[in-house]
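Heads up, query-v8.csv below (CSV, C-alpha atoms):
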```csv
chain,number,residue,atom,x,y,z
A,27,MET,CA,94.9,85.9,-64.1
A,28,ARG,CA,95.2,83.3,-61.4
A,29,ARG,CA,91.9,84.7,-59.9
A,30,GLY,CA,90.2,84.2,-63.2
A,31,SER,CA,91.5,80.6,-63.4
A,32,TRP,CA,90.1,79.8,-60.0
A,33,GLY,CA,86.8,81.4,-60.9
A,34,ALA,CA,86.6,79.3,-64.1
A,35,ILE,CA,87.3,76.1,-62.1
A,36,PHE,CA,84.5,77.1,-59.6
A,37,LEU,CA,82.1,77.6,-62.6
A,38,VAL,CA,82.9,74.1,-63.9
A,39,LEU,CA,82.2,72.6,-60.4
A,40,VAL,CA,78.9,74.5,-60.2
A,41,LEU,CA,77.9,73.2,-63.6
A,42,LEU,CA,78.7,69.6,-62.6
A,43,ALA,CA,76.9,69.8,-59.2
A,44,PRO,CA,73.3,69.4,-60.5
A,45,MET,CA,74.3,66.0,-62.0
A,46,VAL,CA,75.0,64.7,-58.5
A,47,VAL,CA,71.9,66.2,-57.0
A,48,ALA,CA,69.7,64.7,-59.7
A,49,ASP,CA,70.9,61.2,-58.9
A,50,SER,CA,70.7,61.5,-55.1
A,51,ASN,CA,66.9,61.7,-54.7
A,52,GLU,CA,66.3,57.9,-54.5
A,53,PHE,CA,63.3,57.7,-52.0
A,54,VAL,CA,60.6,59.0,-54.4
A,55,SER,CA,57.5,57.6,-56.0
A,56,ARG,CA,58.0,57.0,-59.7
A,57,VAL,CA,54.4,56.3,-60.5
A,58,SER,CA,51.1,58.0,-60.0
A,59,LEU,CA,47.9,56.2,-59.0
A,60,ARG,CA,44.4,56.0,-60.3
A,61,ASP,CA,41.5,54.2,-58.6
A,62,VAL,CA,39.6,52.1,-61.2
A,63,GLY,CA,37.1,50.4,-58.9
A,64,VAL,CA,36.7,47.2,-56.9
A,65,LEU,CA,36.2,43.6,-57.8
A,66,ALA,CA,33.2,43.3,-55.4
A,67,GLU,CA,31.5,45.4,-52.7
A,68,GLY,CA,32.7,43.2,-49.9
A,69,ASP,CA,36.1,42.0,-48.7
A,70,LEU,CA,37.3,39.3,-51.0
A,71,GLY,CA,40.4,38.4,-49.0
A,72,ILE,CA,42.6,38.3,-52.2
A,73,ARG,CA,45.7,36.2,-51.4
A,74,SER,CA,47.3,35.5,-54.8
A,75,GLY,CA,47.2,36.1,-58.5
A,76,ALA,CA,49.2,35.3,-61.7
A,77,VAL,CA,49.5,36.7,-65.2
A,78,SER,CA,49.0,34.2,-68.0
A,79,PRO,CA,52.1,33.4,-70.1
A,80,ASP,CA,50.7,35.3,-73.1
A,81,GLY,CA,50.1,38.4,-70.8
A,82,LYS,CA,46.4,38.7,-71.6
A,83,ASP,CA,44.7,37.4,-68.5
A,84,VAL,CA,45.2,37.6,-64.7
A,85,LEU,CA,43.9,34.8,-62.5
A,86,VAL,CA,43.2,36.1,-59.0
A,87,ALA,CA,42.0,34.1,-56.0
A,88,GLY,CA,41.4,34.3,-52.3
A,89,MET,CA,39.1,33.7,-49.4
A,90,ASP,CA,36.2,31.3,-49.4
A,91,GLY,CA,37.3,29.7,-52.7
A,92,PHE,CA,37.1,33.0,-54.6
A,93,ALA,CA,38.6,32.9,-58.1
A,94,ARG,CA,38.2,35.2,-61.0
A,95,LEU,CA,39.8,35.8,-64.4
A,96,ILE,CA,40.3,39.5,-65.4
A,97,SER,CA,41.9,41.3,-68.3
A,98,ALA,CA,45.6,42.2,-67.8
A,99,GLU,CA,45.4,45.2,-70.1
A,100,GLN,CA,41.9,46.4,-69.1
A,101,ALA,CA,41.7,45.5,-65.5
A,102,ASP,CA,39.3,48.4,-65.0
A,103,ASP,CA,36.6,46.8,-67.2
A,104,ARG,CA,34.4,44.5,-65.1
A,105,ASN,CA,32.5,43.4,-68.2
A,106,GLN,CA,35.5,41.4,-69.2
A,107,ASP,CA,35.7,39.5,-65.9
A,108,VAL,CA,34.9,35.8,-65.7
A,109,GLU,CA,33.7,34.5,-62.4
A,110,LEU,CA,35.1,31.1,-61.6
A,111,VAL,CA,33.4,28.4,-59.4
A,112,THR,CA,35.7,26.3,-57.3
A,113,GLY,CA,33.0,24.7,-55.2
A,114,ARG,CA,35.2,25.2,-52.1
A,115,SER,CA,35.0,27.3,-49.0
A,116,SER,CA,38.7,27.2,-48.2
A,117,THR,CA,41.1,30.1,-49.0
A,118,VAL,CA,43.1,29.8,-52.2
A,119,LEU,CA,46.7,30.7,-51.2
A,120,ASP,CA,48.6,30.5,-54.5
A,121,VAL,CA,48.1,30.2,-58.3
A,122,ALA,CA,50.5,29.1,-61.1
A,123,TRP,CA,49.9,29.0,-64.8
A,124,HIS,CA,51.2,26.1,-66.8
A,125,PRO,CA,54.0,27.4,-69.2
A,126,ARG,CA,51.7,26.7,-72.2
A,127,GLY,CA,49.0,28.8,-70.7
A,128,ASN,CA,46.1,26.4,-71.2
A,129,THR,CA,45.6,25.6,-67.5
A,130,ALA,CA,46.5,26.8,-64.1
A,131,LEU,CA,46.9,25.2,-60.6
A,132,LEU,CA,45.2,26.6,-57.5
A,133,VAL,CA,46.3,25.5,-54.1
A,134,GLY,CA,45.3,26.5,-50.6
A,135,GLU,CA,44.0,25.5,-47.2
A,136,ASP,CA,42.7,22.0,-46.3
A,137,GLY,CA,44.7,20.4,-49.1
A,138,MET,CA,42.9,22.4,-51.9
A,139,ALA,CA,44.6,21.4,-55.2
A,140,MET,CA,42.6,22.2,-58.3
A,141,ARG,CA,43.0,22.9,-62.0
A,142,TYR,CA,41.6,25.7,-64.0
A,143,GLU,CA,40.9,25.0,-67.7
A,144,ARG,CA,41.1,28.1,-69.8
A,145,SER,CA,39.1,26.7,-72.7
A,146,THR,CA,36.0,26.0,-70.6
A,147,HIS,CA,36.7,28.2,-67.5
A,148,GLY,CA,36.0,25.1,-65.4
A,149,ILE,CA,37.8,24.2,-62.2
A,150,THR,CA,38.2,20.6,-61.0
A,151,ASN,CA,40.2,18.6,-58.5
A,152,VAL,CA,43.6,17.3,-59.7
A,153,ASN,CA,44.6,13.7,-59.7
A,154,GLY,CA,45.8,12.4,-56.3
A,155,SER,CA,44.5,15.5,-54.3
A,156,PHE,CA,43.6,13.1,-51.5
A,157,THR,CA,47.4,12.8,-50.8
A,158,VAL,CA,47.6,16.3,-49.6
A,159,LEU,CA,44.3,16.4,-47.9
A,160,GLY,CA,44.5,18.4,-44.6
A,161,HIS,CA,47.7,20.2,-45.5
A,162,GLN,CA,47.9,23.9,-45.9
A,163,LEU,CA,49.4,24.3,-49.3
A,164,THR,CA,51.1,27.7,-49.4
A,165,LYS,CA,52.9,27.8,-52.8
A,166,VAL,CA,52.9,26.2,-56.3
A,167,VAL,CA,55.2,26.6,-59.3
A,168,TRP,CA,55.6,24.8,-62.6
A,169,ARG,CA,59.0,23.9,-63.9
A,170,PRO,CA,59.7,25.8,-67.2
A,171,SER,CA,59.6,22.5,-69.2
A,172,GLY,CA,56.0,22.0,-67.9
A,173,ASP,CA,56.5,18.4,-67.0
A,174,PHE,CA,56.2,18.8,-63.2
A,175,ALA,CA,54.9,21.3,-60.7
A,176,TYR,CA,56.2,21.7,-57.2
A,177,VAL,CA,53.8,22.4,-54.3
A,178,GLY,CA,54.9,23.5,-50.8
A,179,ALA,CA,53.1,23.5,-47.5
A,180,ALA,CA,53.1,25.2,-44.1
A,181,ASP,CA,54.8,22.2,-42.5
A,182,GLY,CA,57.8,22.4,-44.8
A,183,THR,CA,56.8,19.5,-47.1
A,184,VAL,CA,57.3,19.9,-50.8
A,185,TRP,CA,55.7,17.6,-53.4
A,186,LYS,CA,56.3,17.2,-57.1
A,187,PHE,CA,53.1,16.9,-59.1
A,188,ALA,CA,52.1,15.7,-62.5
A,189,GLU,CA,48.6,14.7,-63.6
A,190,HIS,CA,49.7,11.2,-64.5
A,191,THR,CA,51.5,10.5,-61.2
A,192,GLY,CA,49.7,12.7,-58.7
A,193,PHE,CA,51.6,14.0,-55.7
A,194,GLU,CA,55.0,12.6,-54.6
A,195,PRO,CA,56.8,14.0,-51.6
A,196,LEU,CA,60.4,15.2,-52.1
A,197,ASP,CA,63.2,14.0,-49.7
A,198,ASN,CA,65.2,16.4,-47.5
A,199,THR,CA,62.6,19.1,-47.2
A,200,GLY,CA,62.4,21.5,-44.3
A,201,ASN,CA,60.2,21.8,-41.2
A,202,SER,CA,59.1,25.5,-41.5
A,203,PRO,CA,56.5,27.0,-43.8
A,204,VAL,CA,57.4,27.2,-47.5
A,205,THR,CA,57.2,30.9,-48.2
A,206,ASP,CA,57.9,30.8,-52.0
A,207,LEU,CA,58.8,28.5,-54.9
A,208,ALA,CA,60.6,29.7,-58.0
A,209,CYS,CA,62.3,28.3,-61.1
A,210,HIS,CA,65.0,29.6,-63.4
A,211,ARG,CA,63.2,30.4,-66.7
A,212,ASN,CA,65.6,28.4,-68.9
A,213,PRO,CA,63.8,25.1,-69.6
A,214,GLN,CA,67.1,23.4,-70.3
A,215,TYR,CA,68.1,23.8,-66.7
A,216,ASN,CA,64.8,22.8,-65.0
A,217,ILE,CA,66.3,24.2,-61.7
A,218,CYS,CA,64.0,25.4,-59.0
A,219,PHE,CA,64.2,26.9,-55.5
A,220,ILE,CA,62.5,26.6,-52.2
A,221,ALA,CA,62.3,29.6,-49.8
A,222,SER,CA,61.3,28.8,-46.2
A,223,MET,CA,60.6,30.8,-43.0
A,224,ASP,CA,63.3,29.2,-40.8
A,225,ASP,CA,65.2,26.6,-42.9
A,226,GLY,CA,66.8,28.9,-45.5
A,227,ILE,CA,66.8,28.4,-49.3
A,228,ALA,CA,67.1,25.0,-51.1
A,229,ILE,CA,67.8,24.2,-54.7
A,230,VAL,CA,65.9,21.5,-56.5
A,231,ASP,CA,67.8,20.0,-59.5
A,232,LYS,CA,66.4,18.5,-62.6
A,233,ASP,CA,66.2,15.1,-60.9
A,234,HIS,CA,64.1,16.6,-58.0
A,235,VAL,CA,67.0,16.3,-55.5
A,236,VAL,CA,66.8,19.0,-52.8
A,237,THR,CA,70.0,20.6,-51.5
A,238,TRP,CA,69.9,23.3,-48.8
A,239,LEU,CA,72.3,26.2,-49.5
A,240,PRO,CA,74.7,27.0,-46.6
A,241,LYS,CA,74.5,30.3,-44.7
A,242,THR,CA,70.9,31.0,-45.8
A,243,ALA,CA,69.0,29.7,-42.6
A,244,SER,CA,69.8,32.9,-40.7
A,245,HIS,CA,67.3,34.9,-42.7
A,246,THR,CA,63.5,34.8,-43.0
A,247,TRP,CA,62.9,34.6,-46.8
A,248,ILE,CA,59.7,36.0,-48.2
A,249,GLY,CA,60.3,35.5,-51.9
A,250,LEU,CA,62.4,34.3,-54.8
A,251,ASP,CA,62.7,35.4,-58.4
A,252,CYS,CA,64.7,34.4,-61.4
A,253,ALA,CA,63.8,37.5,-63.4
A,254,ASP,CA,66.4,37.5,-66.1
A,255,PRO,CA,66.7,34.2,-68.0
A,256,THR,CA,70.1,35.2,-69.4
A,257,LEU,CA,71.7,35.2,-66.0
A,258,ASN,CA,72.8,32.1,-64.1
A,259,GLU,CA,71.4,33.8,-61.0
A,260,CYS,CA,68.3,34.1,-59.0
A,261,PHE,CA,67.6,36.4,-56.1
A,262,GLY,CA,66.1,35.8,-52.7
A,263,PHE,CA,64.3,38.5,-50.7
A,264,ALA,CA,64.2,38.4,-46.9
A,265,SER,CA,62.6,40.4,-44.1
A,266,GLY,CA,64.6,43.4,-43.0
A,267,LEU,CA,64.7,44.7,-46.6
A,268,LYS,CA,67.4,42.3,-47.5
A,269,SER,CA,68.2,40.5,-50.8
A,270,GLY,CA,70.9,38.2,-52.0
A,271,ALA,CA,72.0,36.5,-55.3
A,272,ILE,CA,72.1,32.8,-55.7
A,273,ARG,CA,74.7,31.7,-58.2
A,274,ILE,CA,73.6,28.6,-60.2
A,275,ASN,CA,76.0,25.9,-61.2
A,276,THR,CA,74.4,24.7,-64.4
A,277,ILE,CA,76.5,21.6,-64.5
A,278,ASP,CA,75.9,20.4,-61.0
A,279,ALA,CA,73.1,22.4,-59.4
A,280,ARG,CA,74.0,21.0,-55.9
A,281,GLN,CA,77.2,23.1,-56.1
A,282,SER,CA,75.2,26.3,-56.4
A,283,PHE,CA,75.7,28.8,-53.6
A,284,ALA,CA,74.2,32.0,-52.1
A,285,MET,CA,76.1,35.3,-52.1
A,286,SER,CA,76.1,37.6,-49.1
A,287,VAL,CA,72.9,39.6,-48.6
A,288,SER,CA,72.7,43.4,-49.0
A,289,GLN,CA,70.2,45.7,-47.3
A,290,PHE,CA,68.1,48.4,-48.9
A,291,SER,CA,68.1,51.5,-46.7
A,292,LEU,CA,64.4,52.4,-47.1
A,293,PRO,CA,63.3,54.9,-44.3
A,294,SER,CA,60.5,52.5,-43.3
A,295,GLY,CA,58.6,49.5,-44.5
A,296,GLU,CA,59.0,45.7,-44.9
A,297,GLN,CA,59.1,43.4,-48.0
A,298,ILE,CA,56.0,41.1,-48.1
A,299,GLY,CA,55.9,39.6,-51.6
A,300,ILE,CA,57.3,39.7,-55.1
A,301,ALA,CA,56.1,39.7,-58.7
A,302,LYS,CA,57.6,39.7,-62.2
A,303,GLY,CA,58.3,43.2,-63.3
A,304,HIS,CA,58.7,44.7,-66.8
A,305,ASP,CA,61.9,44.0,-68.7
A,306,SER,CA,63.3,41.2,-66.5
A,307,SER,CA,63.1,43.1,-63.2
A,308,THR,CA,61.3,42.2,-60.0
A,309,LEU,CA,58.6,44.2,-58.3
A,310,VAL,CA,58.7,43.9,-54.5
A,311,ALA,CA,55.5,44.7,-52.5
A,312,THR,CA,56.0,46.4,-49.1
A,313,ALA,CA,54.0,47.0,-46.0
A,314,PRO,CA,52.8,49.7,-45.5
A,315,LEU,CA,51.5,49.6,-49.0
A,316,GLY,CA,54.3,50.5,-51.4
A,317,MET,CA,56.5,49.0,-54.2
A,318,LEU,CA,60.2,48.6,-55.0
A,319,ARG,CA,62.0,47.5,-58.2
A,320,HIS,CA,65.0,45.2,-58.2
A,321,GLU,CA,67.2,45.1,-61.2
A,322,PRO,CA,69.1,41.7,-61.3
A,323,LEU,CA,71.7,42.8,-63.8
A,324,SER,CA,73.0,45.6,-61.6
A,325,ASN,CA,71.7,44.1,-58.3
A,326,GLU,CA,70.2,47.5,-57.5
A,327,THR,CA,66.9,48.4,-55.9
A,328,PHE,CA,64.8,51.5,-56.5
A,329,THR,CA,61.6,52.8,-55.0
A,330,VAL,CA,58.5,52.7,-57.2
A,331,LEU,CA,55.7,53.8,-54.8
A,332,MET,CA,56.4,55.2,-51.4
A,333,PRO,CA,53.9,54.4,-48.6
A,334,GLU,CA,53.3,58.0,-47.7
A,335,ASP,CA,52.4,58.8,-51.3
A,336,ALA,CA,49.9,55.9,-51.3
A,337,ALA,CA,48.4,57.3,-48.1
A,338,GLU,CA,48.1,60.7,-49.6
A,339,PHE,CA,46.3,59.2,-52.6
A,340,ASP,CA,43.8,57.2,-50.5
A,341,ALA,CA,44.3,56.5,-46.8
A,342,VAL,CA,41.8,53.6,-46.9
A,343,VAL,CA,43.5,51.8,-49.8
A,344,ALA,CA,47.0,52.5,-48.3
A,345,GLY,CA,45.8,50.8,-45.1
A,346,ARG,CA,45.3,47.5,-47.0
A,347,THR,CA,47.7,44.9,-48.3
A,348,LEU,CA,49.1,44.8,-51.8
A,349,ALA,CA,48.1,41.3,-52.8
A,350,MET,CA,48.8,41.3,-56.6
A,351,VAL,CA,50.7,43.5,-59.0
A,352,TRP,CA,51.7,43.3,-62.6
A,353,GLU,CA,53.1,45.6,-65.3
A,354,ASN,CA,52.0,46.0,-69.0
A,355,GLY,CA,54.9,48.4,-69.6
A,356,PHE,CA,57.7,50.1,-67.5
A,357,HIS,CA,56.0,51.7,-64.5
A,358,ARG,CA,52.6,51.1,-66.1
A,359,GLY,CA,50.2,48.4,-64.9
A,360,PHE,CA,47.8,47.6,-62.0
A,361,PHE,CA,47.8,46.3,-58.5
A,362,ILE,CA,45.0,44.7,-56.4
A,363,THR,CA,44.6,45.0,-52.6
A,364,ASN,CA,43.6,42.1,-50.4
A,365,PHE,CA,40.1,43.8,-50.2
A,366,GLY,CA,39.7,43.8,-53.9
A,367,ASN,CA,40.6,47.4,-54.9
A,368,VAL,CA,42.0,47.7,-58.4
A,369,ILE,CA,44.5,50.5,-58.7
A,370,ALA,CA,46.1,51.6,-62.0
A,371,PHE,CA,49.6,53.1,-62.0
A,372,GLU,CA,51.6,55.0,-64.6
A,373,PRO,CA,54.8,57.0,-64.8
A,374,ALA,CA,54.7,60.0,-62.6
A,375,VAL,CA,54.8,63.5,-64.1
A,376,VAL,CA,57.6,64.4,-61.7
A,377,GLU,CA,59.8,61.7,-63.2
A,378,VAL,CA,59.2,62.9,-66.7
A,379,ASP,CA,60.1,66.5,-65.6
A,380,THR,CA,63.2,65.2,-63.9
A,381,ASN,CA,64.3,63.5,-67.0
A,382,ILE,CA,63.8,66.7,-69.1
A,383,MET,CA,65.7,68.7,-66.5
A,384,THR,CA,68.5,66.2,-66.6
A,385,VAL,CA,68.7,66.5,-70.4
A,386,LEU,CA,68.8,70.3,-70.1
A,387,ILE,CA,71.5,70.2,-67.5
A,388,LEU,CA,73.6,67.7,-69.5
A,389,GLY,CA,73.2,69.9,-72.6
A,390,ALA,CA,74.3,73.0,-70.7
A,391,VAL,CA,77.3,71.1,-69.3
A,392,ALA,CA,78.2,69.8,-72.8
A,393,VAL,CA,78.2,73.3,-74.2
A,394,SER,CA,79.7,75.2,-71.3
A,395,VAL,CA,82.5,72.9,-70.0
A,396,PRO,CA,84.5,72.7,-73.3
A,397,GLY,CA,84.3,76.5,-73.6
A,398,VAL,CA,85.4,77.1,-70.0
A,399,LEU,CA,88.3,74.6,-70.5
A,400,LEU,CA,89.4,76.3,-73.7
A,401,GLY,CA,89.2,79.7,-71.9
A,402,LEU,CA,91.4,78.3,-69.0
A,403,THR,CA,93.9,77.0,-71.5
A,404,TYR,CA,94.1,80.4,-73.3
A,405,MET,CA,94.4,82.4,-70.1
A,406,ASN,CA,97.3,80.3,-68.9
A,407,SER,CA,99.2,80.1,-72.2
A,408,PRO,CA,101.3,83.2,-73.3
A,409,TRP,CA,102.1,81.5,-76.5
A,410,LEU,CA,98.4,81.1,-77.5
A,411,GLN,CA,97.8,84.8,-76.5
A,412,LYS,CA,100.7,85.9,-78.7
A,413,LYS,CA,99.5,83.8,-81.7
A,414,TYR,CA,96.0,85.2,-81.3
A,415,ASN,CA,97.2,88.8,-81.2
A,416,GLN,CA,99.4,88.2,-84.3
A,417,TRP,CA,96.4,86.8,-86.1
A,418,ARG,CA,94.1,89.6,-85.0
A,419,PHE,CA,96.5,92.4,-86.2
A,420,LYS,CA,97.3,90.6,-89.4
A,421,LYS,CA,93.5,90.4,-90.1
A,422,ARG,CA,93.3,94.2,-89.6
```
Give the structure from the file, written as structure tokens.
Amino acid sequence: MRRGSWGAIFLVLVLLAPMVVADSNEFVSRVSLRDVGVLAEGDLGIRSGAVSPDGKDVLVAGMDGFARLISAEQADDRNQDVELVTGRSSTVLDVAWHPRGNTALLVGEDGMAMRYERSTHGITNVNGSFTVLGHQLTKVVWRPSGDFAYVGAADGTVWKFAEHTGFEPLDNTGNSPVTDLACHRNPQYNICFIASMDDGIAIVDKDHVVTWLPKTASHTWIGLDCADPTLNECFGFASGLKSGAIRINTIDARQSFAMSVSQFSLPSGEQIGIAKGHDSSTLVATAPLGMLRHEPLSNETFTVLMPEDAAEFDAVVAGRTLAMVWENGFHRGFFITNFGNVIAFEPAVVEVDTNIMTVLILGAVAVSVPGVLLGLTYMNSPWLQKKYNQWRFKKR
């Protein structure tokens, strides 16, 4: 009987083992790719892109003043593209839609600061653009209230901008390139952040006061995102596959602080940029070409596209840089390379099969484990055996 008990226990462990194995395979591609063409025959040098607030359009921009509006849902249809004329030969480095979605700002080399009008598809210089003439403008973001935008430069300078006031430099900015600008999505806060190459992360409160967060200057930050508007947190992403939360003090933003960073143990690759993902998550672009997903609620990171799978799909595409990515659904969307390749992605078949297998395993465990446990209880209980025999003979 004791041998039978140990055998039953072993059976329970065997049944439970697949549940652990199913969760341990973390370095996998969870999407499959499909080539849907290129934006042009030559290298466009795409540097930036942004999805409109209503999710319908994507404004992409890059080298030699290139700018184009494409469909977010049908990015494979070139008939829906709208070619935009900037009249400039400088490279557009960043794009930001106004929260209302009627206009967008484009900034870039040589002090390029222009506005796109959605109603006319026209692009014109903004008020006071002479103030930033000669600066390499690297990043731009609108505050969620839409009253001011922030523009950062390669020399560390950050300006606040509004059409009626033009550009006004902020005090206490850094000396190294601004690598990203981001704002919490709650318009009541009007709190934004600056990420820099060497100076760390700074918070910009509703009164445009810049405060540098302690213990952040030791990392090279490549991106910031406030993906979940319900959290009083934003996340910074640094080179070395590192990320860390920033806790926001909504009463006094200057008392906000950065948490310790954690590192994602990807076998190879480096974070190079971020984008808004589906369902309040962050998509992280990697080099070689790949993608990660960061979930702010759990502060966990998962692989979406592994570089080796991108290389197997198309070695030429995989050798280029992921310049812009967006999702129309979970694991469903498009990305654009710096050359101008448009690649669609959707949930991988492997992932669907894995989910079905998980359901089957859990179902087998749900049925088998209670039976095994009842059998164990019966085999080790003389009283139950006696009662069963009495019932059995009585039934006869």
Exercise for the section: Provide the CA of Val77 in chain A to CA of Phe361 in chain A distance in Å, to one decimal place. Expected result: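 CA of Phe361 in chain A lies at a distance of 11.8 Å from CA of Val77 in chain A.
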Determine, using all atoms listed in the file, which residues of range 322-358 of chain A have any atom at most 10 Å from an atom of range 278-295 of chain A, and tabulate each with its shortest atom pair and distance in Å to one decimal place, rows ordered by chain and then rising number, as JSON lines.
```
{"residue": "A:Asn325", "atom": "CA", "partner": "A:Ser288", "partner_atom": "CA", "distance": 9.4}
{"residue": "A:Glu326", "atom": "CA", "partner": "A:Phe290", "partner_atom": "CA", "distance": 8.9}
{"residue": "A:Thr327", "atom": "CA", "partner": "A:Phe290", "partner_atom": "CA", "distance": 7.1}
{"residue": "A:Phe328", "atom": "CA", "partner": "A:Phe290", "partner_atom": "CA", "distance": 8.8}
{"residue": "A:Thr329", "atom": "CA", "partner": "A:Leu292", "partner_atom": "CA", "distance": 8.4}
{"residue": "A:Met332", "atom": "CA", "partner": "A:Gly295", "partner_atom": "CA", "distance": 9.2}
{"residue": "A:Pro333", "atom": "CA", "partner": "A:Gly295", "partner_atom": "CA", "distance": 7.9}
```
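Each of A:His190, A:Gly160, A:Leu110, A:Val118 was compared to Gly148 in chain A using all atoms listed in the file, and A:Leu110 turns out to be the nearest.
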Counting only C-alpha atoms, give me one row per residue of range 317-353 of chain A with an atom at most 10 Å from an atom of range 248-264 of chain A, showing the shortest contact pair and its distance in Å to one decimal, sorted by chain then residue number, as JSON lines.
```
{"residue": "A:His320", "atom": "CA", "partner": "A:Ala253", "partner_atom": "CA", "distance": 9.4}
{"residue": "A:Glu321", "atom": "CA", "partner": "A:Ala253", "partner_atom": "CA", "distance": 8.6}
{"residue": "A:Pro322", "atom": "CA", "partner": "A:Asp254", "partner_atom": "CA", "distance": 6.9}
{"residue": "A:Leu323", "atom": "CA", "partner": "A:Asp254", "partner_atom": "CA", "distance": 7.8}
{"residue": "A:Asn325", "atom": "CA", "partner": "A:Phe261", "partner_atom": "CA", "distance": 9.0}
```
Practice task
Mind giving me the straight-line distance from CA of Ala122 in chain A to CA of Met223 in chain A in Å, one decimal?
Solution key: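 It comes out at 20.8 Å.
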Can you list, as a compact mmCIF listing (two decimals) with C-alpha atoms, in the frame of the given file, every protein, DNA or RNA residue that comes within 10 Å of Ser145 in chain A when you count only C-alpha atoms, leaving out same-chain residues fewer than 3 positions away?
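See result-v6.txt below for the written result:
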```txt
# COMPACT_ATOMS: atom_id res chain seq x y z
CA ASN A 128 46.10 26.40 -71.20
CA THR A 129 45.60 25.60 -67.50
CA TYR A 142 41.60 25.70 -64.00
CA GLY A 148 36.00 25.10 -65.40
```
Could you pull range 175-197 of chain A out of the structure just shown and give C-alpha atoms as a short mmCIF file (atom, residue, chain, number, x, y, z; two decimals), in the first residue's frame?
```cif
data_model
loop_
_atom_site.label_atom_id
_atom_site.label_comp_id
_atom_site.auth_asym_id
_atom_site.auth_seq_id
_atom_site.Cartn_x
_atom_site.Cartn_y
_atom_site.Cartn_z
CA ALA A 175 4.71 71.20 -26.18
CA TYR A 176 8.25 70.46 -25.05
CA VAL A 177 11.11 70.27 -27.54
CA GLY A 178 14.53 68.83 -26.68
CA ALA A 179 17.86 69.21 -28.45
CA ALA A 180 21.18 67.43 -28.87
CA ASP A 181 22.92 69.98 -26.62
CA GLY A 182 20.56 69.22 -23.72
CA THR A 183 18.40 72.34 -24.08
CA VAL A 184 14.63 71.94 -23.65
CA TRP A 185 12.07 74.55 -24.70
CA LYS A 186 8.38 74.92 -24.01
CA PHE A 187 6.40 75.85 -27.10
CA ALA A 188 3.00 77.31 -27.86
CA GLU A 189 1.96 79.05 -31.06
CA HIS A 190 1.09 82.29 -29.27
CA THR A 191 4.42 82.49 -27.38
CA GLY A 192 6.87 80.61 -29.59
CA PHE A 193 9.88 78.90 -27.96
CA GLU A 194 10.95 79.63 -24.39
CA PRO A 195 13.94 77.76 -22.90
CA LEU A 196 13.45 75.94 -19.60
CA ASP A 197 15.87 76.47 -16.71
#
```
